[in-house]
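The file run_29.pdb contains PDB, C-alpha atoms:
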MODEL        1
ATOM      1  CA  MET A   1     -19.926 -20.342  31.376
ATOM      2  CA  ALA A   2     -17.911 -19.395  28.261
ATOM      3  CA  ARG A   3     -17.694 -23.065  27.300
ATOM      4  CA  VAL A   4     -21.444 -23.562  27.731
ATOM      5  CA  ILE A   5     -22.239 -20.485  25.642
ATOM      6  CA  SER A   6     -19.790 -21.635  22.970
ATOM      7  CA  ILE A   7     -21.359 -25.105  22.759
ATOM      8  CA  LEU A   8     -24.848 -23.628  22.499
ATOM      9  CA  TYR A   9     -23.675 -21.106  19.915
ATOM     10  CA  TRP A  10     -22.111 -23.691  17.597
ATOM     11  CA  LEU A  11     -25.145 -25.967  17.947
ATOM     12  CA  ALA A  12     -27.344 -23.048  16.925
ATOM     13  CA  ALA A  13     -24.946 -22.215  14.077
ATOM     14  CA  ALA A  14     -25.210 -25.791  12.794
ATOM     15  CA  LEU A  15     -29.002 -25.700  12.981
ATOM     16  CA  ILE A  16     -29.012 -22.441  11.018
ATOM     17  CA  ALA A  17     -26.863 -24.042   8.312
ATOM     18  CA  PHE A  18     -29.170 -27.065   8.091
ATOM     19  CA  ALA A  19     -32.197 -24.775   7.861
ATOM     20  CA  MET A  20     -30.752 -22.246   5.408
ATOM     21  CA  PHE A  21     -29.097 -24.521   2.850
ATOM     22  CA  PRO A  22     -32.341 -26.092   1.533
ATOM     23  CA  ILE A  23     -33.768 -22.587   1.163
ATOM     24  CA  ALA A  24     -30.618 -21.483  -0.657
ATOM     25  CA  LEU A  25     -30.849 -24.494  -2.967
ATOM     26  CA  VAL A  26     -34.440 -23.643  -3.874
ATOM     27  CA  VAL A  27     -33.537 -19.976  -4.445
ATOM     28  CA  TRP A  28     -30.597 -21.005  -6.636
ATOM     29  CA  ALA A  29     -32.782 -23.305  -8.741
ATOM     30  CA  LEU A  30     -35.623 -20.787  -9.142
ATOM     31  CA  THR A  31     -33.372 -17.850 -10.053
ATOM     32  CA  LEU A  32     -30.878 -19.754 -12.219
ATOM     33  CA  PRO A  33     -32.615 -18.914 -15.542
ATOM     34  CA  PHE A  34     -32.537 -15.123 -15.057
ATOM     35  CA  ASP A  35     -30.084 -14.213 -12.262
ATOM     36  CA  ARG A  36     -26.660 -14.774 -13.801
ATOM     37  CA  ARG A  37     -24.850 -12.820 -11.054
ATOM     38  CA  LYS A  38     -26.689 -14.718  -8.248
ATOM     39  CA  VAL A  39     -27.840 -11.442  -6.705
ATOM     40  CA  VAL A  40     -30.858 -13.014  -5.000
ATOM     41  CA  LEU A  41     -28.869 -15.938  -3.612
ATOM     42  CA  HIS A  42     -26.192 -13.608  -2.279
ATOM     43  CA  ALA A  43     -28.875 -11.481  -0.606
ATOM     44  CA  LEU A  44     -30.089 -14.621   1.166
ATOM     45  CA  THR A  45     -26.484 -15.440   2.092
ATOM     46  CA  ASN A  46     -26.160 -11.978   3.648
ATOM     47  CA  VAL A  47     -29.036 -12.902   5.950
ATOM     48  CA  TRP A  48     -27.499 -16.330   6.633
ATOM     49  CA  GLY A  49     -24.117 -14.842   7.533
ATOM     50  CA  SER A  50     -25.695 -12.097   9.622
ATOM     51  CA  LEU A  51     -27.655 -14.632  11.656
ATOM     52  CA  TYR A  52     -24.368 -15.835  13.138
ATOM     53  CA  THR A  53     -23.814 -12.417  14.697
ATOM     54  CA  TRP A  54     -27.450 -11.773  15.624
ATOM     55  CA  ILE A  55     -27.859 -14.968  17.675
ATOM     56  CA  ASN A  56     -24.740 -14.526  19.806
ATOM     57  CA  PRO A  57     -25.538 -12.596  23.013
ATOM     58  CA  LEU A  58     -21.831 -11.888  23.531
ATOM     59  CA  TRP A  59     -21.419 -10.056  20.221
ATOM     60  CA  SER A  60     -22.526  -6.677  18.982
ATOM     61  CA  VAL A  61     -21.870  -5.273  15.513
ATOM     62  CA  GLN A  62     -21.904  -1.658  14.415
ATOM     63  CA  VAL A  63     -21.971  -0.805  10.697
ATOM     64  CA  GLU A  64     -20.894   2.611   9.440
ATOM     65  CA  GLY A  65     -20.348   4.175   6.032
ATOM     66  CA  ARG A  66     -22.989   2.339   4.014
ATOM     67  CA  GLU A  67     -23.612   5.640   2.228
ATOM     68  CA  HIS A  68     -20.272   5.168   0.433
ATOM     69  CA  ILE A  69     -21.622   2.120  -1.430
ATOM     70  CA  ASP A  70     -23.298   2.736  -4.786
ATOM     71  CA  GLY A  71     -25.383  -0.373  -5.409
ATOM     72  CA  ARG A  72     -25.263   0.230  -9.164
ATOM     73  CA  ALA A  73     -21.458   0.058  -9.453
ATOM     74  CA  PRO A  74     -19.003  -2.814  -8.957
ATOM     75  CA  TYR A  75     -16.096  -2.315  -6.574
ATOM     76  CA  MET A  76     -12.898  -4.034  -5.669
ATOM     77  CA  MET A  77     -13.658  -4.293  -1.942
ATOM     78  CA  VAL A  78     -10.659  -4.619   0.385
ATOM     79  CA  SER A  79     -10.378  -4.822   4.154
ATOM     80  CA  ASN A  80      -8.039  -5.682   6.976
ATOM     81  CA  HIS A  81      -8.433  -9.233   8.345
ATOM     82  CA  LEU A  82      -8.515 -10.123  12.042
ATOM     83  CA  SER A  83     -10.733 -13.169  12.521
ATOM     84  CA  LEU A  84     -12.978 -15.761  10.918
ATOM     85  CA  VAL A  85     -15.816 -13.630  12.285
ATOM     86  CA  ASP A  86     -14.850 -10.919   9.758
ATOM     87  CA  ILE A  87     -16.834 -12.878   7.174
ATOM     88  CA  PHE A  88     -20.036 -12.670   9.223
ATOM     89  CA  VAL A  89     -19.494  -8.971   9.922
ATOM     90  CA  VAL A  90     -19.018  -8.052   6.243
ATOM     91  CA  HIS A  91     -22.333  -9.734   5.413
ATOM     92  CA  ARG A  92     -23.965  -7.119   7.646
ATOM     93  CA  LEU A  93     -23.320  -4.564   4.867
ATOM     94  CA  PHE A  94     -26.109  -6.197   2.842
ATOM     95  CA  CYS A  95     -24.564  -5.315  -0.505
ATOM     96  CA  HIS A  96     -23.759  -7.532  -3.489
ATOM     97  CA  TYR A  97     -20.280  -9.021  -3.972
ATOM     98  CA  LYS A  98     -18.347 -12.226  -4.574
ATOM     99  CA  TRP A  99     -16.100 -13.540  -1.830
ATOM    100  CA  VAL A 100     -12.555 -14.694  -2.516
ATOM    101  CA  SER A 101     -11.844 -17.394   0.068
ATOM    102  CA  LYS A 102      -9.405 -20.204   0.700
ATOM    103  CA  ILE A 103     -10.540 -23.436  -0.893
ATOM    104  CA  GLU A 104     -10.816 -25.243   2.449
ATOM    105  CA  ILE A 105     -13.925 -23.197   3.290
ATOM    106  CA  PHE A 106     -15.609 -24.408   0.093
ATOM    107  CA  ARG A 107     -15.202 -27.994   1.314
ATOM    108  CA  MET A 108     -17.326 -27.382   4.400
ATOM    109  CA  PRO A 109     -20.732 -29.083   4.256
ATOM    110  CA  LEU A 110     -23.690 -26.763   3.681
ATOM    111  CA  ILE A 111     -21.786 -23.458   4.021
ATOM    112  CA  GLY A 112     -19.180 -24.399   1.423
ATOM    113  CA  TRP A 113     -21.848 -25.857  -0.858
ATOM    114  CA  ASN A 114     -23.746 -22.576  -0.731
ATOM    115  CA  MET A 115     -20.574 -20.649  -1.544
ATOM    116  CA  ARG A 116     -20.208 -22.672  -4.731
ATOM    117  CA  LEU A 117     -23.859 -22.118  -5.648
ATOM    118  CA  ALA A 118     -23.400 -18.364  -5.126
ATOM    119  CA  GLY A 119     -20.411 -18.250  -7.470
ATOM    120  CA  TYR A 120     -17.848 -17.258  -4.858
ATOM    121  CA  ILE A 121     -14.224 -17.675  -5.841
ATOM    122  CA  PRO A 122     -11.902 -20.281  -4.261
ATOM    123  CA  LEU A 123      -8.149 -19.922  -3.830
ATOM    124  CA  ARG A 124      -5.614 -22.617  -3.013
ATOM    125  CA  ARG A 125      -2.779 -20.847  -1.222
ATOM    126  CA  GLY A 126       0.688 -21.379  -2.605
ATOM    127  CA  ASP A 127      -0.652 -22.733  -5.905
ATOM    128  CA  ARG A 128       0.265 -20.454  -8.810
ATOM    129  CA  HIS A 129      -2.298 -22.030 -11.139
ATOM    130  CA  SER A 130      -5.023 -21.455  -8.552
ATOM    131  CA  VAL A 131      -3.998 -17.808  -8.172
ATOM    132  CA  VAL A 132      -4.219 -17.262 -11.947
ATOM    133  CA  GLU A 133      -7.615 -18.986 -12.083
ATOM    134  CA  MET A 134      -8.845 -16.914  -9.132
ATOM    135  CA  LEU A 135      -7.783 -13.648 -10.789
ATOM    136  CA  ASP A 136      -9.500 -14.671 -14.036
ATOM    137  CA  ARG A 137     -12.756 -15.443 -12.210
ATOM    138  CA  CYS A 138     -12.568 -12.170 -10.292
ATOM    139  CA  ARG A 139     -12.056 -10.309 -13.560
ATOM    140  CA  VAL A 140     -15.157 -11.919 -15.073
ATOM    141  CA  ALA A 141     -17.235 -11.132 -11.967
ATOM    142  CA  LEU A 142     -16.203  -7.471 -12.034
ATOM    143  CA  GLU A 143     -16.871  -7.174 -15.770
ATOM    144  CA  ARG A 144     -20.359  -8.598 -15.220
ATOM    145  CA  GLY A 145     -21.090  -5.948 -12.601
ATOM    146  CA  SER A 146     -20.463  -7.814  -9.336
ATOM    147  CA  SER A 147     -18.157  -6.398  -6.709
ATOM    148  CA  VAL A 148     -15.374  -8.653  -5.427
ATOM    149  CA  MET A 149     -14.416  -8.837  -1.741
ATOM    150  CA  MET A 150     -10.828  -9.687  -0.841
ATOM    151  CA  PHE A 151      -8.549  -9.518   2.205
ATOM    152  CA  PRO A 152      -5.280  -8.229   0.649
ATOM    153  CA  GLU A 153      -3.239  -9.185   3.731
ATOM    154  CA  GLY A 154      -3.831 -12.778   2.625
ATOM    155  CA  THR A 155      -4.185 -14.232   6.128
ATOM    156  CA  ARG A 156      -5.474 -13.019   9.469
ATOM    157  CA  SER A 157      -3.178 -10.754  11.465
ATOM    158  CA  ARG A 158      -1.965 -12.559  14.595
ATOM    159  CA  THR A 159      -1.170  -9.320  16.432
ATOM    160  CA  GLY A 160      -3.959  -7.089  15.195
ATOM    161  CA  GLN A 161      -1.403  -4.895  13.440
ATOM    162  CA  LEU A 162      -2.068  -4.229   9.767
ATOM    163  CA  LYS A 163       0.124  -6.420   7.546
ATOM    164  CA  GLU A 164       1.483  -5.608   4.119
ATOM    165  CA  PHE A 165      -1.027  -5.797   1.265
ATOM    166  CA  LYS A 166      -0.574  -8.161  -1.671
ATOM    167  CA  PRO A 167      -1.002  -6.519  -5.093
ATOM    168  CA  GLY A 168      -3.594  -8.870  -6.667
ATOM    169  CA  ALA A 169      -6.725  -6.915  -5.728
ATOM    170  CA  PHE A 170      -5.251  -3.688  -7.051
ATOM    171  CA  GLU A 171      -4.070  -5.270 -10.288
ATOM    172  CA  LEU A 172      -7.657  -6.383 -10.830
ATOM    173  CA  ALA A 173      -9.030  -2.922 -10.102
ATOM    174  CA  ARG A 174      -6.708  -1.386 -12.684
ATOM    175  CA  ASP A 175      -7.243  -4.092 -15.291
ATOM    176  CA  VAL A 176     -11.036  -3.832 -15.171
ATOM    177  CA  ALA A 177     -11.128  -0.110 -14.277
ATOM    178  CA  VAL A 178     -13.342  -0.252 -11.188
ATOM    179  CA  ALA A 179     -13.252   1.825  -8.023
ATOM    180  CA  VAL A 180     -11.562   0.436  -4.908
ATOM    181  CA  LEU A 181     -13.673   0.360  -1.752
ATOM    182  CA  PRO A 182     -11.525   0.228   1.415
ATOM    183  CA  MET A 183     -13.152  -1.016   4.615
ATOM    184  CA  VAL A 184     -12.035  -1.317   8.223
ATOM    185  CA  ILE A 185     -12.989  -4.176  10.543
ATOM    186  CA  GLN A 186     -12.420  -3.689  14.271
ATOM    187  CA  GLY A 187     -13.037  -5.754  17.392
ATOM    188  CA  THR A 188     -13.411  -9.197  15.800
ATOM    189  CA  ALA A 189     -10.033 -10.478  17.035
ATOM    190  CA  THR A 190     -11.457 -11.068  20.499
ATOM    191  CA  ALA A 191     -14.658 -12.741  19.257
ATOM    192  CA  LEU A 192     -13.056 -16.033  18.265
ATOM    193  CA  PRO A 193      -9.438 -17.231  18.603
ATOM    194  CA  LYS A 194      -7.440 -18.191  15.515
ATOM    195  CA  LYS A 195      -7.263 -21.726  16.892
ATOM    196  CA  GLY A 196     -10.233 -22.906  18.902
ATOM    197  CA  LEU A 197     -14.001 -22.483  18.997
ATOM    198  CA  THR A 198     -14.564 -20.679  22.308
ATOM    199  CA  VAL A 199     -16.497 -17.504  21.614
ATOM    200  CA  SER A 200     -15.777 -14.449  23.717
ATOM    201  CA  ARG A 201     -17.460 -11.128  24.355
ATOM    202  CA  ALA A 202     -16.728  -8.696  21.537
ATOM    203  CA  ARG A 203     -17.925  -5.331  20.334
ATOM    204  CA  MET A 204     -17.290  -5.203  16.595
ATOM    205  CA  ARG A 205     -17.474  -2.572  13.913
ATOM    206  CA  VAL A 206     -17.181  -2.506  10.123
ATOM    207  CA  THR A 207     -16.644   0.902   8.533
ATOM    208  CA  VAL A 208     -16.852   1.571   4.800
ATOM    209  CA  LEU A 209     -14.420   4.318   3.809
ATOM    210  CA  PRO A 210     -14.840   6.650   0.807
ATOM    211  CA  PRO A 211     -13.983   4.751  -2.399
ATOM    212  CA  ILE A 212     -10.965   5.449  -4.544
ATOM    213  CA  PRO A 213     -12.732   6.572  -7.742
ATOM    214  CA  LYS A 214     -12.339   4.752 -11.039
ATOM    215  CA  ALA A 215     -10.501   7.719 -12.641
ATOM    216  CA  GLU A 216      -7.908   7.731  -9.856
ATOM    217  CA  VAL A 217      -7.528   3.960 -10.067
ATOM    218  CA  GLU A 218      -6.740   4.252 -13.780
ATOM    219  CA  ALA A 219      -4.257   7.090 -13.128
ATOM    220  CA  SER A 220      -2.355   5.186 -10.419
ATOM    221  CA  THR A 221       0.174   2.391 -10.522
ATOM    222  CA  VAL A 222      -0.650  -0.855  -8.755
ATOM    223  CA  GLU A 223       1.829   0.044  -6.016
ATOM    224  CA  GLN A 224       0.358   3.522  -5.539
ATOM    225  CA  LEU A 225      -3.132   2.096  -5.372
ATOM    226  CA  ARG A 226      -2.121  -0.617  -2.900
ATOM    227  CA  ASP A 227      -0.327   1.868  -0.661
ATOM    228  CA  ARG A 228      -3.183   4.369  -0.795
ATOM    229  CA  ALA A 229      -5.819   1.797   0.223
ATOM    230  CA  ARG A 230      -3.620   0.447   3.004
ATOM    231  CA  GLY A 231      -2.834   3.975   4.142
ATOM    232  CA  GLN A 232      -6.532   4.885   4.354
ATOM    233  CA  ILE A 233      -7.262   1.807   6.471
ATOM    234  CA  ALA A 234      -4.237   2.365   8.731
ATOM    235  CA  ALA A 235      -5.050   6.047   9.208
ATOM    236  CA  PHE A 236      -8.647   5.263  10.170
ATOM    237  CA  VAL A 237      -7.574   2.625  12.691
ATOM    238  CA  GLU A 238      -5.102   5.041  14.261
ATOM    239  CA  ALA A 239      -7.572   7.908  14.416
ATOM    240  CA  ASN A 240     -10.542   5.825  15.543
ATOM    241  CA  PRO A 241      -9.468   3.279  18.159
ATOM    242  CA  TRP A 242     -12.143   0.770  18.978
ATOM    243  CA  PRO A 243     -12.791  -0.710  22.450
ATOM    244  CA  VAL A 244     -12.277  -4.428  22.937
ATOM    245  CA  GLU A 245     -15.082  -4.716  25.482
ATOM    246  CA  PRO A 246     -18.558  -3.163  25.263
TER     247      PRO A 246
ENDMDL
END
Would you mind writing the file out in structure tokens?
Amino acid sequence: MARVISILYWLAAALIAFAMFPIALVVWALTLPFDRRKVVLHALTNVWGSLYTWINPLWSVQVEGREHIDGRAPYMMVSNHLSLVDIFVVHRLFCHYKWVSKIEIFRMPLIGWNMRLAGYIPLRRGDRHSVVEMLDRCRVALERGSSVMMFPEGTRSRTGQLKEFKPGAFELARDVAVAVLPMVIQGTATALPKKGLTVSRARMRVTVLPPIPKAEVEASTVEQLRDRARGQIAAFVEANPWPVEP
């Protein structure tokens, strides 16, 4: 039964991509003259990404803490990383941001093409030049008023335990003087394995924590900021365990 549901799910996911990309292309073309930050296209992408959680009968998603997001201010958004499904879950926040994602995702037909249209930011792991270019593009996005979303662990946790955070996101926050918005993702590790396409039952939650204000970002070192954001996420996970099964 799990295999049948998985096949049907990925067929539906492909159909959604084929249906949504032409719409995204039209939205991109119509808004190009006046929407420099691609706000409208990203809003459509939020719907696109959310569809992948809405159509799966084995998945449920709970969103908490939206009140901590000020839609008028850019943030350096950071979260723990458990699964590919994290991307779909974050879209359920329905706020504006630019993804930082490994370059392989940008090469995917339809989905990757839309990511380029939306101005998301690619990263080639292990390539110093790519890291510098990524940081420069993130800096420009933040200065223009767009939030940037990054997983500071770098890669998905294999065990579910929170890994050490890389400093790049927090260097950006200090350089541009924007607040840091920590978030916690729970339950996605069981939704989809790191290797394989068999979907499983999962109850998932994304929680937006109170932001680290701009004044405190400016008063902190990169290391202090990194450790504070990681500490907030770790403390929430410890204090608010989340069930694997509904």
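From CA of Val85 (chain A) back to CA of Ile233 (chain A), the distance works out to 18.6 Å.
When only C-alpha atoms are used to compute distances to Met183 (chain A), the closest of the residues A:Phe165, A:Tyr9, A:Phe170, A:Phe236 turns out to be A:Phe236.
Closest approach to Arg144 (chain A) among A:Tyr75, A:Gly49, A:Arg156, A:Arg201 is made by A:Tyr75 (distances from all atoms listed in the file).
Nearest-residue note for Asn240 (chain A): choosing from A:Arg205, A:Lys98, A:Arg226, A:Arg36, the minimum distance belongs to A:Arg205, counting all atoms listed in the file.
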When the PyMOL selection byres ((chain A and resi 234) around 12) is applied to the file above, which residues end up in the set, as a JSON list (two decimals) with C-alpha atoms, in the frame of the given file?
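As a result, part_24.json now contains:
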[["chain", "number", "residue", "atom", "x", "y", "z"],
["A", 79, "SER", "CA", -10.38, -4.82, 4.15],
["A", 80, "ASN", "CA", -8.04, -5.68, 6.98],
["A", 160, "GLY", "CA", -3.96, -7.09, 15.20],
["A", 161, "GLN", "CA", -1.40, -4.89, 13.44],
["A", 162, "LEU", "CA", -2.07, -4.23, 9.77],
["A", 163, "LYS", "CA", 0.12, -6.42, 7.55],
["A", 164, "GLU", "CA", 1.48, -5.61, 4.12],
["A", 165, "PHE", "CA", -1.03, -5.80, 1.26],
["A", 182, "PRO", "CA", -11.52, 0.23, 1.42],
["A", 183, "MET", "CA", -13.15, -1.02, 4.62],
["A", 184, "VAL", "CA", -12.04, -1.32, 8.22],
["A", 185, "ILE", "CA", -12.99, -4.18, 10.54],
["A", 186, "GLN", "CA", -12.42, -3.69, 14.27],
["A", 209, "LEU", "CA", -14.42, 4.32, 3.81],
["A", 227, "ASP", "CA", -0.33, 1.87, -0.66],
["A", 228, "ARG", "CA", -3.18, 4.37, -0.80],
["A", 229, "ALA", "CA", -5.82, 1.80, 0.22],
["A", 230, "ARG", "CA", -3.62, 0.45, 3.00],
["A", 231, "GLY", "CA", -2.83, 3.98, 4.14],
["A", 232, "GLN", "CA", -6.53, 4.88, 4.35],
["A", 233, "ILE", "CA", -7.26, 1.81, 6.47],
["A", 235, "ALA", "CA", -5.05, 6.05, 9.21],
["A", 236, "PHE", "CA", -8.65, 5.26, 10.17],
["A", 237, "VAL", "CA", -7.57, 2.62, 12.69],
["A", 238, "GLU", "CA", -5.10, 5.04, 14.26],
["A", 239, "ALA", "CA", -7.57, 7.91, 14.42],
["A", 240, "ASN", "CA", -10.54, 5.82, 15.54],
["A", 241, "PRO", "CA", -9.47, 3.28, 18.16]]
Could the residues of region 7-50 of chain A that have an atom at most 8 Å from region 109-126 of chain A be listed as JSON lines, each with its closest atom pair and the distance in Å to one decimal, counting only C-alpha atoms and ordered by chain and ascending residue number?
{"residue": "A:Ala17", "atom": "CA", "partner": "A:Leu110", "partner_atom": "CA", "distance": 6.2}
{"residue": "A:Phe18", "atom": "CA", "partner": "A:Leu110", "partner_atom": "CA", "distance": 7.0}
{"residue": "A:Phe21", "atom": "CA", "partner": "A:Leu110", "partner_atom": "CA", "distance": 5.9}
{"residue": "A:Ala24", "atom": "CA", "partner": "A:Asn114", "partner_atom": "CA", "distance": 7.0}
{"residue": "A:Leu25", "atom": "CA", "partner": "A:Asn114", "partner_atom": "CA", "distance": 7.7}
{"residue": "A:Trp28", "atom": "CA", "partner": "A:Leu117", "partner_atom": "CA", "distance": 6.9}
{"residue": "A:Arg37", "atom": "CA", "partner": "A:Gly119", "partner_atom": "CA", "distance": 7.9}
{"residue": "A:Lys38", "atom": "CA", "partner": "A:Ala118", "partner_atom": "CA", "distance": 5.8}
{"residue": "A:Leu41", "atom": "CA", "partner": "A:Ala118", "partner_atom": "CA", "distance": 6.2}
{"residue": "A:His42", "atom": "CA", "partner": "A:Ala118", "partner_atom": "CA", "distance": 6.2}
Take the residues from that selection and put them in a file with C-alpha atoms, as a CSV table (one decimal), in the frame of the given file.
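Output below, filename selection-v5.csv:
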chain,number,residue,atom,x,y,z
A,17,ALA,CA,-26.9,-24.0,8.3
A,18,PHE,CA,-29.2,-27.1,8.1
A,21,PHE,CA,-29.1,-24.5,2.8
A,24,ALA,CA,-30.6,-21.5,-0.7
A,25,LEU,CA,-30.8,-24.5,-3.0
A,28,TRP,CA,-30.6,-21.0,-6.6
A,37,ARG,CA,-24.8,-12.8,-11.1
A,38,LYS,CA,-26.7,-14.7,-8.2
A,41,LEU,CA,-28.9,-15.9,-3.6
A,42,HIS,CA,-26.2,-13.6,-2.3
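Nearest residue to Arg72 (chain A), choosing from A:Cys95, A:Ala13, A:Ala219, A:Met150 and counting only C-alpha atoms: A:Cys95.
Using only C-alpha atoms for every distance, the candidate list A:Val90, A:Met204, A:Val40, A:Ala177 yields A:Val40 as the residue closest to Ile23 (chain A).
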Inset, instruction - List the neighbours of region 187-189 of chain A out to 9 Å using all atoms listed in the file; skip same-chain residues closer than 6 positions along the sequence, and give me the result as a PyMOL selection string. - result: chain A and resi 81-86+89+157-160+202-206+242-245
Inset, instruction - Provide the CA of Leu172 (chain A) to CA of Asp35 (chain A) distance in Å, to one decimal place. - result: 23.8 Å
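The nearest approach to Met20 (chain A) among the residues A:Tyr52, A:Met1, A:Ser6, A:Pro213, with only C-alpha atoms taken into account, belongs to A:Tyr52.
One distance worth recording is that between CA of Glu67 (chain A) and CA of Leu93 (chain A), which is 10.5 Å.
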